[in-house]
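> Below you'll find the structure I mean.
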Amino acid sequence: HWTIELRGDCGPGAPAPAERVVGAALDAGVLIAAGGDEASVFIAPPLNVADSEMDVILRALDRALSVADAALSERQEP
């Protein structure tokens with residue numbers, strides 16, 4: 001499995017970065033889980049995953065991380 005730790009504050013009442021990543025990945029058809037601390041995402045593809053399926057997972061993860069990164073960037077701009 002992979003665990004990706006995320007850092008940053010999206011502001012009061014805003015979804016945590018991990019929640020944003022999980023939501024964006026789900027929108028792309030990939031199920032990943034947020035850690036209990038909401039600062040990490042947990043990815044556990046099956047052992048028999050096909051290369052084409054891994055491509056889908058990685059593209060969805062890249063897009064999901066970009067969504068969280070954009071939200072954090074907006075928060076940090078003056």
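Labels for the structure tokens follow display order: chains A, B, ..., residues from 1 in each chain, ligands from 1.
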Env of range 42-58 of chain A: 9 Å cut, atoms = only C-alpha atoms, seq-sep filter 3 positions within chain, self excluded. Answer as a list in words.
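Here the answer would be His1, Trp2, Thr3, Ile4, Glu5, Ala25, Ala28, Gly29, Val30, Leu31, Ile32, Ala33, Ala34, Gly35, Leu61, Asp62 and Arg63 of chain A.
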> How many Å separate CA of Val67 in chain A from CA of Gly8 in chain A?
13.1 Å
> Just list as a PyMOL selection string whatever in range 36-66 of chain A DSSP marks as strand (DSSP E).
chain A and resi 40-43
> So, with only C-alpha atoms as the atoms that count, which of A:Asp37, A:Arg59, A:Arg7, A:Leu65 lies closest to Ala24 in chain A?
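Closest to Ala24 in chain A of all the choices is A:Leu65.
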> For a test of reading the model, state the distance in Å between CA of Ser40 in chain A and CA of Ala70 in chain A, rounded to one decimal.
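About the pair CA of Ser40 in chain A and CA of Ala70 in chain A: they are 16.9 Å apart.
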> Rank A:Ala16, A:Ala68, A:Val22, A:Ala60 by their smallest atom-to-atom distance to Glu38 in chain A, using only C-alpha atoms, and report the top residue only.
A:Ala16
> So how far away is CA of Gly11 in chain A from CA of Leu26 in chain A, in Å?
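Result for CA of Leu26 in chain A versus CA of Gly11 in chain A: 22.6 Å, one decimal.
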> As a VMD selection string, which residues of chain A does DSSP assign to helix (DSSP H, G or I)?
chain A and resid 17 to 27 51 to 76
> Which is closest to Val41 in chain A among A:Asp27, A:Val21, A:Ala71, A:Gly13, if we use only C-alpha atoms?
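Closest residue, counting only C-alpha atoms: A:Val21.
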